[in-house]
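What follows is the content of data-v3.cif, which has mmCIF, C-alpha atoms and all ligand atoms:
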data_query
#
loop_
_atom_site.label_atom_id
_atom_site.label_comp_id
_atom_site.auth_asym_id
_atom_site.auth_seq_id
_atom_site.Cartn_x
_atom_site.Cartn_y
_atom_site.Cartn_z
CA MET A 1 -39.64 21.30 -6.79
CA LEU A 2 -38.21 22.16 -10.19
CA CYS A 3 -39.08 20.00 -13.11
CA GLY A 4 -37.91 20.44 -16.67
CA GLY A 5 -40.83 18.89 -18.56
CA SER A 6 -39.88 18.02 -22.12
CA LEU A 7 -36.18 18.76 -21.68
CA SER A 8 -35.88 16.25 -18.84
CA THR A 9 -37.60 13.66 -21.02
CA VAL A 10 -35.14 14.27 -23.84
CA ALA A 11 -32.20 13.98 -21.44
CA ALA A 12 -33.49 10.78 -19.85
CA LEU A 13 -34.08 9.18 -23.26
CA HIS A 14 -30.63 10.21 -24.41
CA LEU A 15 -28.90 8.78 -21.36
CA ASP A 16 -30.98 5.60 -21.24
CA ALA A 17 -30.28 4.78 -24.87
CA GLY A 18 -26.70 3.88 -23.94
CA GLU A 19 -25.34 5.84 -26.91
CA LEU A 20 -21.79 7.09 -26.77
CA MET A 21 -21.66 10.35 -24.92
CA ASN A 22 -18.87 12.91 -24.84
CA ILE A 23 -18.65 14.39 -21.36
CA LEU A 24 -16.66 17.45 -20.32
CA VAL A 25 -15.36 17.12 -16.75
CA THR A 26 -13.94 20.35 -15.32
CA GLY A 27 -11.42 20.29 -12.48
CA GLY A 28 -10.69 16.63 -13.13
CA ALA A 29 -7.12 16.85 -11.85
CA GLY A 30 -8.23 17.83 -8.34
CA PHE A 31 -9.22 15.59 -5.45
CA ILE A 32 -12.82 14.67 -6.31
CA GLY A 33 -12.41 15.11 -10.07
CA SER A 34 -9.51 12.67 -10.28
CA ASN A 35 -11.30 10.09 -8.13
CA LEU A 36 -14.37 10.53 -10.36
CA LEU A 37 -12.40 10.14 -13.60
CA ARG A 38 -10.51 7.06 -12.40
CA HIS A 39 -13.94 5.58 -11.63
CA VAL A 40 -15.99 6.55 -14.70
CA VAL A 41 -13.32 6.17 -17.40
CA ARG A 42 -13.15 2.47 -16.47
CA ALA A 43 -16.80 1.95 -15.47
CA ARG A 44 -18.20 3.67 -18.62
CA PRO A 45 -16.03 2.51 -21.54
CA GLY A 46 -18.78 3.55 -23.97
CA ASP A 47 -18.46 7.21 -22.97
CA ARG A 48 -15.59 9.59 -23.69
CA PHE A 49 -14.34 11.97 -21.00
CA VAL A 50 -12.56 15.26 -21.70
CA ASN A 51 -10.89 16.69 -18.60
CA LEU A 52 -10.44 20.47 -18.67
CA ASP A 53 -8.26 21.66 -15.81
CA ARG A 54 -6.13 24.74 -15.33
CA LEU A 55 -3.73 22.85 -13.01
CA THR A 56 -3.71 25.31 -10.13
CA TYR A 57 -1.82 24.35 -6.98
CA ALA A 58 -4.63 21.80 -6.32
CA GLY A 59 -4.56 20.15 -9.75
CA ASN A 60 -2.12 17.29 -10.20
CA LEU A 61 -1.77 15.03 -13.22
CA ALA A 62 -0.07 12.40 -11.07
CA ASN A 63 -3.56 11.71 -9.68
CA LEU A 64 -4.59 10.50 -13.15
CA ALA A 65 -1.57 8.41 -14.16
CA GLU A 66 -3.65 5.20 -14.05
CA ILE A 67 -5.97 6.38 -16.85
CA GLU A 68 -3.84 8.80 -18.86
CA ASP A 69 -3.57 6.36 -21.81
CA ALA A 70 -7.19 5.18 -21.76
CA PRO A 71 -8.75 5.49 -25.24
CA ASN A 72 -11.88 7.20 -23.87
CA TYR A 73 -9.98 9.90 -21.95
CA ARG A 74 -8.32 13.18 -22.96
CA PHE A 75 -6.71 15.89 -20.83
CA VAL A 76 -6.79 19.55 -21.84
CA GLN A 77 -4.96 22.14 -19.77
CA GLY A 78 -6.91 25.39 -19.75
CA ASP A 79 -8.95 27.94 -17.86
CA ILE A 80 -12.71 27.70 -17.82
CA CYS A 81 -12.89 31.45 -18.09
CA ASP A 82 -11.38 31.14 -21.60
CA GLY A 83 -14.48 31.43 -23.81
CA GLN A 84 -12.67 30.64 -27.07
CA LEU A 85 -11.19 27.45 -25.69
CA LEU A 86 -14.58 26.39 -24.37
CA ALA A 87 -16.35 27.06 -27.68
CA ALA A 88 -13.73 25.02 -29.55
CA LEU A 89 -13.95 22.14 -27.08
CA PHE A 90 -17.74 21.93 -27.23
CA GLU A 91 -17.55 21.94 -31.03
CA ASP A 92 -14.55 19.66 -31.68
CA GLU A 93 -15.46 17.12 -29.02
CA ALA A 94 -19.24 17.26 -29.60
CA ILE A 95 -19.73 17.60 -25.86
CA GLY A 96 -23.16 16.33 -24.82
CA GLY A 97 -22.83 16.63 -21.04
CA VAL A 98 -20.84 18.59 -18.46
CA ILE A 99 -19.80 17.61 -14.95
CA HIS A 100 -18.51 20.83 -13.42
CA LEU A 101 -16.14 20.43 -10.48
CA ALA A 102 -13.48 23.08 -11.13
CA ALA A 103 -13.35 25.52 -8.26
CA GLU A 104 -11.25 27.05 -5.55
CA SER A 105 -12.25 24.72 -2.73
CA HIS A 106 -10.50 25.59 0.53
CA VAL A 107 -12.28 27.78 3.10
CA ASP A 108 -9.08 29.00 4.79
CA ARG A 109 -7.66 30.18 1.45
CA SER A 110 -10.94 31.99 0.71
CA ILE A 111 -10.51 33.95 3.94
CA LEU A 112 -6.95 34.93 2.98
CA GLY A 113 -7.91 35.88 -0.61
CA PRO A 114 -11.61 36.00 -1.53
CA GLY A 115 -11.18 37.59 -4.99
CA GLU A 116 -9.86 34.45 -6.66
CA PHE A 117 -12.87 32.53 -5.34
CA VAL A 118 -15.32 34.91 -7.00
CA ARG A 119 -13.38 34.80 -10.26
CA THR A 120 -13.04 31.05 -10.33
CA ASN A 121 -16.25 29.84 -8.75
CA VAL A 122 -18.69 32.45 -10.02
CA GLN A 123 -17.31 33.85 -13.28
CA GLU A 124 -16.10 30.51 -14.56
CA THR A 125 -19.47 28.89 -13.91
CA LEU A 126 -21.09 31.69 -15.89
CA ALA A 127 -18.60 31.21 -18.75
CA LEU A 128 -19.21 27.47 -18.79
CA LEU A 129 -23.01 27.80 -18.71
CA GLU A 130 -22.89 30.25 -21.60
CA ALA A 131 -20.54 28.09 -23.65
CA ALA A 132 -22.76 25.05 -23.11
CA ARG A 133 -25.93 26.97 -23.92
CA ALA A 134 -24.51 28.39 -27.14
CA ALA A 135 -23.07 25.04 -28.30
CA TRP A 136 -26.22 23.05 -27.56
CA ALA A 137 -28.45 25.68 -29.18
CA ARG A 138 -26.27 25.58 -32.34
CA ARG A 139 -26.49 21.81 -32.43
CA GLY A 140 -30.17 21.69 -31.45
CA THR A 141 -29.56 19.22 -28.61
CA ALA A 142 -30.42 19.31 -24.90
CA GLY A 143 -27.16 18.51 -23.11
CA ARG A 144 -27.00 17.91 -19.40
CA PHE A 145 -25.14 20.29 -17.06
CA HIS A 146 -24.26 18.80 -13.67
CA HIS A 147 -22.92 21.28 -11.11
CA VAL A 148 -21.02 19.80 -8.16
CA SER A 149 -21.55 21.88 -5.04
CA THR A 150 -21.32 21.81 -1.29
CA ASP A 151 -23.45 21.64 1.85
CA GLU A 152 -21.71 24.80 3.07
CA VAL A 153 -24.16 26.93 1.05
CA TYR A 154 -26.79 26.20 3.73
CA GLY A 155 -24.76 27.83 6.54
CA SER A 156 -24.43 26.43 10.03
CA LEU A 157 -26.74 24.15 12.06
CA GLY A 158 -27.38 24.14 15.80
CA ASP A 159 -27.12 20.94 17.83
CA THR A 160 -29.98 19.27 15.96
CA GLY A 161 -31.52 19.19 12.48
CA LEU A 162 -30.31 18.34 9.00
CA PHE A 163 -29.88 20.28 5.73
CA THR A 164 -32.57 19.34 3.22
CA GLU A 165 -32.83 20.58 -0.37
CA ASP A 166 -35.37 23.13 0.90
CA THR A 167 -33.10 24.64 3.57
CA PRO A 168 -32.64 28.34 2.72
CA TYR A 169 -29.16 29.31 1.54
CA SER A 170 -27.13 31.11 4.21
CA PRO A 171 -23.43 30.99 3.25
CA ASN A 172 -20.95 32.32 5.81
CA SER A 173 -17.49 32.19 4.20
CA PRO A 174 -16.20 33.70 0.95
CA TYR A 175 -15.89 30.11 -0.32
CA SER A 176 -19.48 29.13 0.48
CA ALA A 177 -20.81 32.50 -0.77
CA SER A 178 -19.08 31.93 -4.11
CA LYS A 179 -20.44 28.38 -4.35
CA ALA A 180 -23.94 29.63 -3.46
CA ALA A 181 -23.70 32.23 -6.23
CA SER A 182 -22.70 29.56 -8.74
CA ASP A 183 -25.59 27.32 -7.63
CA HIS A 184 -27.99 30.22 -8.22
CA LEU A 185 -26.61 30.76 -11.72
CA VAL A 186 -27.16 27.10 -12.59
CA ARG A 187 -30.68 27.19 -11.18
CA ALA A 188 -31.45 30.34 -13.19
CA TRP A 189 -30.14 28.82 -16.43
CA HIS A 190 -32.65 26.00 -15.95
CA HIS A 191 -35.59 28.31 -15.24
CA THR A 192 -34.80 30.96 -17.80
CA TYR A 193 -33.25 29.04 -20.67
CA GLY A 194 -34.65 25.57 -19.98
CA MET A 195 -31.18 24.07 -19.60
CA ASP A 196 -31.17 20.47 -18.35
CA THR A 197 -29.31 20.99 -15.06
CA VAL A 198 -28.65 18.94 -11.95
CA ILE A 199 -26.98 20.24 -8.77
CA THR A 200 -25.53 18.01 -6.06
CA ASN A 201 -24.69 19.53 -2.66
CA CYS A 202 -22.31 17.25 -0.80
CA SER A 203 -20.82 17.16 2.67
CA ASN A 204 -17.09 16.88 3.55
CA ASN A 205 -15.22 14.33 1.46
CA TYR A 206 -12.18 12.37 2.56
CA GLY A 207 -10.03 9.72 0.90
CA PRO A 208 -6.93 9.35 -1.30
CA TRP A 209 -5.48 12.18 -3.41
CA GLN A 210 -6.87 15.04 -1.30
CA PHE A 211 -4.50 18.01 -1.29
CA PRO A 212 -2.80 18.17 2.13
CA GLU A 213 -4.43 21.44 3.26
CA LYS A 214 -7.77 19.96 4.44
CA LEU A 215 -8.31 18.59 7.94
CA ILE A 216 -7.76 14.85 7.46
CA PRO A 217 -4.56 14.90 5.33
CA VAL A 218 -3.10 17.78 7.38
CA MET A 219 -3.54 15.79 10.56
CA ILE A 220 -2.20 12.53 9.09
CA CYS A 221 0.96 14.26 7.80
CA LYS A 222 1.60 16.11 11.03
CA ALA A 223 0.93 13.02 13.16
CA ARG A 224 3.34 11.05 10.96
CA ASP A 225 6.03 13.70 11.53
CA GLY A 226 5.32 14.12 15.26
CA GLU A 227 4.36 17.79 14.84
CA PRO A 228 1.67 19.76 16.75
CA LEU A 229 -1.86 19.06 15.43
CA PRO A 230 -3.60 22.46 15.04
CA VAL A 231 -7.26 22.04 16.05
CA TYR A 232 -9.26 25.25 15.50
CA GLY A 233 -11.23 26.69 18.43
CA ASP A 234 -12.50 24.10 20.90
CA GLY A 235 -12.50 21.22 18.37
CA GLY A 236 -16.27 20.86 18.82
CA ASN A 237 -17.24 21.78 15.23
CA VAL A 238 -19.09 18.95 13.52
CA ARG A 239 -18.82 17.76 9.90
CA ASP A 240 -20.65 14.94 8.07
CA TRP A 241 -17.90 12.88 6.39
CA LEU A 242 -18.31 10.90 3.18
CA HIS A 243 -15.72 8.77 1.40
CA VAL A 244 -14.85 10.33 -1.96
CA GLN A 245 -15.65 7.08 -3.81
CA ASP A 246 -19.22 7.19 -2.48
CA HIS A 247 -19.50 10.82 -3.61
CA CYS A 248 -18.22 9.90 -7.09
CA GLU A 249 -20.82 7.15 -7.41
CA ALA A 250 -23.49 9.67 -6.38
CA ILE A 251 -22.28 12.15 -9.02
CA ASP A 252 -22.30 9.48 -11.75
CA LEU A 253 -25.83 8.46 -10.75
CA ALA A 254 -27.26 11.97 -10.48
CA PHE A 255 -25.64 12.96 -13.79
CA ARG A 256 -27.30 10.03 -15.56
CA GLU A 257 -30.59 9.67 -13.72
CA GLY A 258 -31.25 12.87 -11.81
CA ARG A 259 -34.31 14.87 -12.82
CA ALA A 260 -33.75 18.06 -14.78
CA GLY A 261 -33.68 21.18 -12.63
CA ARG A 262 -33.39 19.12 -9.47
CA THR A 263 -31.02 19.48 -6.51
CA TYR A 264 -29.78 16.42 -4.58
CA ASN A 265 -28.09 16.52 -1.17
CA VAL A 266 -25.34 13.95 -0.73
CA GLY A 267 -23.97 13.01 2.70
CA GLY A 268 -22.69 10.14 4.76
CA ASP A 269 -25.04 10.31 7.76
CA ASN A 270 -21.72 10.30 9.57
CA GLU A 271 -21.27 13.24 11.95
CA TRP A 272 -17.99 13.69 13.81
CA ARG A 273 -16.56 16.41 16.04
CA ASN A 274 -13.17 17.55 14.72
CA ILE A 275 -11.40 16.62 17.94
CA ASP A 276 -12.72 13.06 17.75
CA ILE A 277 -11.52 12.69 14.15
CA VAL A 278 -8.08 13.98 15.12
CA HIS A 279 -7.92 11.47 18.00
CA ALA A 280 -8.98 8.65 15.64
CA ILE A 281 -6.22 9.67 13.20
CA CYS A 282 -3.64 9.72 16.02
CA ASP A 283 -4.66 6.21 17.05
CA ALA A 284 -4.56 4.90 13.46
CA VAL A 285 -1.08 6.39 12.89
CA ASP A 286 0.15 4.94 16.21
CA GLU A 287 -1.19 1.57 15.13
CA ARG A 288 0.59 1.71 11.74
CA LEU A 289 3.89 3.31 12.80
CA GLY A 290 3.99 2.41 16.50
CA ALA A 291 3.68 4.98 19.31
CA GLN A 292 6.52 7.48 19.63
CA PRO A 293 8.99 7.16 22.54
CA GLN A 294 7.40 10.31 24.07
CA GLY A 295 3.97 8.62 24.11
CA PRO A 296 0.80 8.30 22.00
CA ARG A 297 0.26 10.92 19.27
CA ARG A 298 -2.90 12.27 20.93
CA ARG A 299 -0.52 14.34 23.05
CA LEU A 300 0.29 16.38 19.91
CA VAL A 301 -3.21 17.95 19.79
CA THR A 302 -2.83 21.74 20.06
CA PHE A 303 -5.88 23.98 20.25
CA VAL A 304 -5.22 27.10 18.18
CA GLY A 305 -7.12 30.30 17.35
CA ASP A 306 -10.40 29.70 15.53
CA ARG A 307 -11.13 30.10 11.80
CA PRO A 308 -13.04 33.42 11.39
CA GLY A 309 -16.76 32.79 10.76
CA HIS A 310 -16.25 29.08 11.49
CA ASP A 311 -19.51 27.15 10.84
CA ARG A 312 -20.39 25.04 13.88
CA ARG A 313 -22.18 22.05 12.43
CA TYR A 314 -23.07 20.55 9.03
CA ALA A 315 -25.29 17.49 8.58
CA ILE A 316 -27.05 16.28 5.46
CA ASP A 317 -30.42 14.67 4.87
CA ALA A 318 -29.68 12.56 1.76
CA SER A 319 -33.09 10.88 1.61
CA ARG A 320 -33.91 12.30 -1.87
CA MET A 321 -30.68 10.86 -3.30
CA ARG A 322 -31.34 7.51 -1.61
CA GLY A 323 -35.09 7.33 -2.30
CA GLU A 324 -35.30 8.75 -5.85
CA LEU A 325 -32.02 7.47 -7.26
CA GLY A 326 -31.33 4.44 -5.05
CA TRP A 327 -27.89 5.70 -3.93
CA THR A 328 -26.27 4.18 -0.84
CA PRO A 329 -22.79 4.93 0.46
CA ARG A 330 -20.68 1.78 0.68
CA TYR A 331 -17.83 2.82 2.95
CA THR A 332 -18.05 2.65 6.73
CA PHE A 333 -16.07 5.48 8.28
CA GLU A 334 -13.95 2.98 10.19
CA ARG A 335 -12.79 1.28 6.97
CA GLY A 336 -12.53 4.54 5.00
CA LEU A 337 -10.41 6.31 7.60
CA ARG A 338 -8.13 3.29 8.13
CA GLU A 339 -7.52 2.98 4.37
CA THR A 340 -7.02 6.73 4.00
CA VAL A 341 -4.46 6.88 6.81
CA GLY A 342 -2.64 3.93 5.19
CA TRP A 343 -2.76 5.61 1.76
CA TYR A 344 -1.17 8.84 3.04
CA LEU A 345 1.47 7.00 5.04
CA ASP A 346 2.48 5.22 1.81
CA ALA A 347 2.28 8.37 -0.37
CA GLY A 348 5.49 10.09 0.71
CA GLU A 349 6.62 11.00 -2.82
CA TRP A 350 3.23 12.38 -3.88
CA LEU A 351 3.00 14.42 -0.66
CA ALA A 352 6.52 15.78 -1.01
CA ALA A 353 5.69 17.01 -4.53
CA CYS A 354 2.53 18.78 -3.21
CA MET A 355 4.43 20.47 -0.40
CA ASP A 356 6.45 22.89 -2.52
CA GLY A 357 7.40 26.51 -1.78
CA SER A 358 3.93 27.97 -2.37
CA TYR A 359 2.44 25.34 -0.05
CA ARG A 360 4.82 26.27 2.75
CA GLU A 361 4.07 29.96 2.21
CA TYR A 362 0.29 29.31 2.45
CA PHE A 363 0.79 27.21 5.57
CA GLU A 364 2.78 29.89 7.32
CA ARG A 365 0.20 32.57 6.44
CA ASN A 366 -2.79 30.47 7.50
CA TYR A 367 -1.44 29.14 10.76
CA ALA A 368 0.77 32.07 11.88
CA ASN A 369 -2.07 34.15 13.33
CA LYS A 370 -3.86 31.09 14.75
CA MET A 371 -0.77 29.75 16.52
CA GLY A 372 -0.30 33.21 18.10
P1 LIG B 1 -9.75 20.67 -5.49
O1 LIG B 1 -9.35 22.01 -4.97
O2 LIG B 1 -9.01 19.46 -5.05
O3 LIG B 1 -9.67 20.68 -7.11
C1 LIG B 1 -10.13 21.74 -7.88
C2 LIG B 1 -9.63 21.54 -9.31
O4 LIG B 1 -10.14 22.60 -10.13
C3 LIG B 1 -8.10 21.58 -9.45
O5 LIG B 1 -7.66 20.50 -10.24
C4 LIG B 1 -7.83 22.91 -10.15
O6 LIG B 1 -6.66 22.88 -10.94
C5 LIG B 1 -9.10 23.07 -10.97
N1 LIG B 1 -9.38 24.47 -11.32
C6 LIG B 1 -9.45 25.52 -10.47
N2 LIG B 1 -9.72 26.66 -11.16
C7 LIG B 1 -9.85 26.31 -12.46
C8 LIG B 1 -10.14 27.02 -13.66
N3 LIG B 1 -10.36 28.35 -13.65
N4 LIG B 1 -10.20 26.34 -14.83
C9 LIG B 1 -9.98 24.99 -14.84
N5 LIG B 1 -9.69 24.27 -13.75
C10 LIG B 1 -9.62 24.92 -12.58
O7 LIG B 1 -11.30 20.55 -5.21
P2 LIG B 1 -12.15 19.27 -4.76
O8 LIG B 1 -12.06 19.10 -3.31
O9 LIG B 1 -11.84 18.17 -5.67
O10 LIG B 1 -13.63 19.81 -5.08
C11 LIG B 1 -14.20 19.67 -6.38
C12 LIG B 1 -15.58 20.32 -6.37
O11 LIG B 1 -16.40 19.69 -5.40
C13 LIG B 1 -15.55 21.81 -6.02
O12 LIG B 1 -16.49 22.46 -6.84
C14 LIG B 1 -15.98 21.84 -4.56
O13 LIG B 1 -16.63 23.06 -4.25
C15 LIG B 1 -16.93 20.66 -4.50
N6 LIG B 1 -17.05 19.99 -3.18
C16 LIG B 1 -15.92 19.62 -2.50
C17 LIG B 1 -16.06 18.93 -1.28
C18 LIG B 1 -14.87 18.46 -0.48
O14 LIG B 1 -15.04 17.99 0.65
N7 LIG B 1 -13.66 18.53 -1.01
C19 LIG B 1 -17.34 18.68 -0.77
C20 LIG B 1 -18.46 19.10 -1.51
C21 LIG B 1 -18.30 19.75 -2.71
O1 LIG B 2 -5.85 22.60 10.40
C1 LIG B 2 -7.09 22.51 10.50
N1 LIG B 2 -7.65 22.46 11.76
C2 LIG B 2 -9.00 22.38 11.96
O2 LIG B 2 -9.45 22.34 13.11
C3 LIG B 2 -7.97 22.46 9.37
C4 LIG B 2 -7.41 22.51 7.97
C5 LIG B 2 -9.33 22.38 9.58
N2 LIG B 2 -9.84 22.36 10.84
C6 LIG B 2 -11.31 22.26 11.03
C7 LIG B 2 -12.15 23.29 10.27
C8 LIG B 2 -13.42 22.53 9.98
O3 LIG B 2 -14.30 22.60 11.08
O4 LIG B 2 -11.70 21.00 10.48
C9 LIG B 2 -12.97 21.07 9.83
C10 LIG B 2 -12.82 20.66 8.38
O5 LIG B 2 -12.03 21.64 7.74
P1 LIG B 2 -11.66 21.55 6.18
O6 LIG B 2 -11.01 20.24 5.91
O7 LIG B 2 -10.93 22.79 5.81
O8 LIG B 2 -13.09 21.46 5.50
P2 LIG B 2 -14.37 22.43 5.54
O9 LIG B 2 -13.99 23.82 5.86
O10 LIG B 2 -15.41 21.77 6.41
O11 LIG B 2 -14.80 22.38 3.97
C11 LIG B 2 -14.75 21.13 3.25
O12 LIG B 2 -15.99 20.54 3.12
C12 LIG B 2 -16.93 21.13 2.26
C13 LIG B 2 -14.11 21.33 1.86
O13 LIG B 2 -12.86 21.99 2.01
C14 LIG B 2 -15.01 22.10 0.96
O14 LIG B 2 -14.46 22.18 -0.36
C15 LIG B 2 -16.33 21.41 0.89
O15 LIG B 2 -17.22 22.15 0.12
#

Would it be possible to restate this file's structure as structure tokens?
Ligand code: NAD
Ligand code: TDX
Amino acid sequence: MLCGGSLSTVAALHLDAGELMNILVTGGAGFIGSNLLRHVVRARPGDRFVNLDRLTYAGNLANLAEIEDAPNYRFVQGDICDGQLLAALFEDEAIGGVIHLAAESHVDRSILGPGEFVRTNVQETLALLEAARAAWARRGTAGRFHHVSTDEVYGSLGDTGLFTEDTPYSPNSPYSASKAASDHLVRAWHHTYGMDTVITNCSNNYGPWQFPEKLIPVMICKARDGEPLPVYGDGGNVRDWLHVQDHCEAIDLAFREGRAGRTYNVGGDNEWRNIDIVHAICDAVDERLGAQPQGPRRRLVTFVGDRPGHDRRYAIDASRMRGELGWTPRYTFERGLRETVGWYLDAGEWLAACMDGSYREYFERNYANKMG
């Protein structure tokens, strides 16, 4: 167990005092970041949120239209690797806390091009840690640095068992290796420099505004259009699914109340085989749109070549998050999936804007060798 002694006390006092806090959120135009900002900008009117996002293919300001004019919100387009921009932001905005989400986040893309994952996930985390350390040292304050990470750093489970915070790291993809490296940097900045850090390692998220490259939105879009549903391998890989809103509440809680230097696992206690999720999506789309003349959409399932290095099973033990911080997920998977399917079926314009030329190019590259 890591404990930050006096620094954690300072941070807890600062956050409990209910003073105005200026918080830098990185990657806030992506899936989880935009859900988080729509939540906290309204739930925490006494805090100010500065969203720094480079707007890669995965960043989309349309996700934030509901809050773009909020008085406690500002968007800055920029790259976290830009040290000068970071120094100016910490200074001008008097940033007192960081919630770091910016990353390359898709495993299949990391297999096609690992270099960008190391640059973005590792080097940018280093740049951000150093900018925060310098700014807080200059100001003589102990700001909080919350790093948002993934359960994939722990590797793959067999048929039983759960990932705890003590499970040794064993990343298997370029994506998870780059996230593991960034977690280690954050941990080291706590031990070496006494930075007030928190890391959350979360399982698979689903919900509205997820870029249509991940399993659930890919399958909803293809089922809607009556296209083949590409299930990797035998479809028996297991993921632990959590609604993004529950993850965002966990992030907000851990950022405010988590102990300095501590890691918290976040998960839904909600394991599903991929093939069962795909069937559930087919049924939900049939229910909303009616079955096709050719028959139910389950017939569209197409087993394709496997993802290289495909982790078999992830499952999270979130008892520290529940016991220490009192977090409980509120969504049942039945409700969350039904609402998510409905959201995507109503989001034609948003989806069409995501599916531009570079999206089609990625899709062809990723699926060409799997479809054979
Ligand atoms: P996402 O791909 O939807 O969004 C990433 C965002 O980061 C985008 O808005 C992008 O423009 C921005 N970004 C990328 N590089 C940047 C840079 N150099 N400078 C500034 N901004 C940059 O990702 P997501 O699914 O929302 O994931 C957010 C975080 O949560 C990631 O760190 C990811 O590893 C982690 N996570 C995701 C999941 C999941 O299921 N999606 C689960 C656990 C943890
Ligand atoms: O077309 C597909 N067919 C398929 O069978 C896709 C896109 C995925 N899959 C499988 C691979 C996985 O077993 O579905 C499962 C989920 O795949 P993804 O949605 O790509 O997620 P995963 O690789 O599990 O990683 C996700 O969860 C952890 C996020 O992308 C990460 O950012 C997060 O850290």

Compare A:Phe75, A:Tyr344, A:Tyr57, A:Phe363 by their minimum atom-to-atom distance to Arg224 of chain A, counting all atoms listed in the file, and give me the closest one.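 Selected residue with least distance to Arg224 of chain A: A:Tyr344.
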
Distance atom CA of Ala177 of chain A-atom O11 of ligand LIG 2 (chain B), one decimal place?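 These atoms are spaced 12.7 Å apart.
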
Neighbours of ligand LIG 2 (chain B) at 9 Å or closer, counting all atoms listed in the file: which residues, as a PyMOL selection string? chain A and resi 103-108+149-153+175-176+179+201-206+212-219+229-241+273-275+278+303-304+306-307+310-314+366-367

Residues around (-3.4, 8.5, -18.0), cut-off 12 Å, counting only C-alpha atoms - what are they as a list of chain:residue names?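 Final list of nearby residues, as requested, is A:Gly28, A:Ala29, A:Ser34, A:Leu37, A:Arg38, A:Val41, A:Arg42, A:Phe49, A:Val50, A:Asn51, A:Asn60, A:Leu61, A:Ala62, A:Asn63, A:Leu64, A:Ala65, A:Glu66, A:Ile67, A:Glu68, A:Asp69, A:Ala70, A:Pro71, A:Asn72, A:Tyr73, A:Arg74, A:Phe75.
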
Writer output for current selection, C-alpha atoms, as a PDB file, in the coordinates of the input:
ATOM      1  CA  GLY A  28     -10.690  16.630 -13.130  1.00  0.00           C
ATOM      2  CA  ALA A  29      -7.120  16.850 -11.850  1.00  0.00           C
ATOM      3  CA  SER A  34      -9.510  12.670 -10.280  1.00  0.00           C
ATOM      4  CA  LEU A  37     -12.400  10.140 -13.600  1.00  0.00           C
ATOM      5  CA  ARG A  38     -10.510   7.060 -12.400  1.00  0.00           C
ATOM      6  CA  VAL A  41     -13.320   6.170 -17.400  1.00  0.00           C
ATOM      7  CA  ARG A  42     -13.150   2.470 -16.470  1.00  0.00           C
ATOM      8  CA  PHE A  49     -14.340  11.970 -21.000  1.00  0.00           C
ATOM      9  CA  VAL A  50     -12.560  15.260 -21.700  1.00  0.00           C
ATOM     10  CA  ASN A  51     -10.890  16.690 -18.600  1.00  0.00           C
ATOM     11  CA  ASN A  60      -2.120  17.290 -10.200  1.00  0.00           C
ATOM     12  CA  LEU A  61      -1.770  15.030 -13.220  1.00  0.00           C
ATOM     13  CA  ALA A  62      -0.070  12.400 -11.070  1.00  0.00           C
ATOM     14  CA  ASN A  63      -3.560  11.710  -9.680  1.00  0.00           C
ATOM     15  CA  LEU A  64      -4.590  10.500 -13.150  1.00  0.00           C
ATOM     16  CA  ALA A  65      -1.570   8.410 -14.160  1.00  0.00           C
ATOM     17  CA  GLU A  66      -3.650   5.200 -14.050  1.00  0.00           C
ATOM     18  CA  ILE A  67      -5.970   6.380 -16.850  1.00  0.00           C
ATOM     19  CA  GLU A  68      -3.840   8.800 -18.860  1.00  0.00           C
ATOM     20  CA  ASP A  69      -3.570   6.360 -21.810  1.00  0.00           C
ATOM     21  CA  ALA A  70      -7.190   5.180 -21.760  1.00  0.00           C
ATOM     22  CA  PRO A  71      -8.750   5.490 -25.240  1.00  0.00           C
ATOM     23  CA  ASN A  72     -11.880   7.200 -23.870  1.00  0.00           C
ATOM     24  CA  TYR A  73      -9.980   9.900 -21.950  1.00  0.00           C
ATOM     25  CA  ARG A  74      -8.320  13.180 -22.960  1.00  0.00           C
ATOM     26  CA  PHE A  75      -6.710  15.890 -20.830  1.00  0.00           C
TER      27      PHE A  75
END

As JSON, what would the box around ligand LIG 1 (chain B) look like: edges along x, y and z, 5 Å added on every side, centre and edge lengths in Å to one decimal?
{"center_x": -12.6, "center_y": 23.2, "center_z": -7.1, "size_x": 21.8, "size_y": 20.4, "size_z": 25.5}

Within 10 Å of (-33.5, 15.8, 0.5) (coordinates as in the file), grab all the protein and nucleic acid residues, counting all atoms listed in the file, and write them out as a VMD selection string. chain A and resid 162 to 167 263 to 266 316 to 324
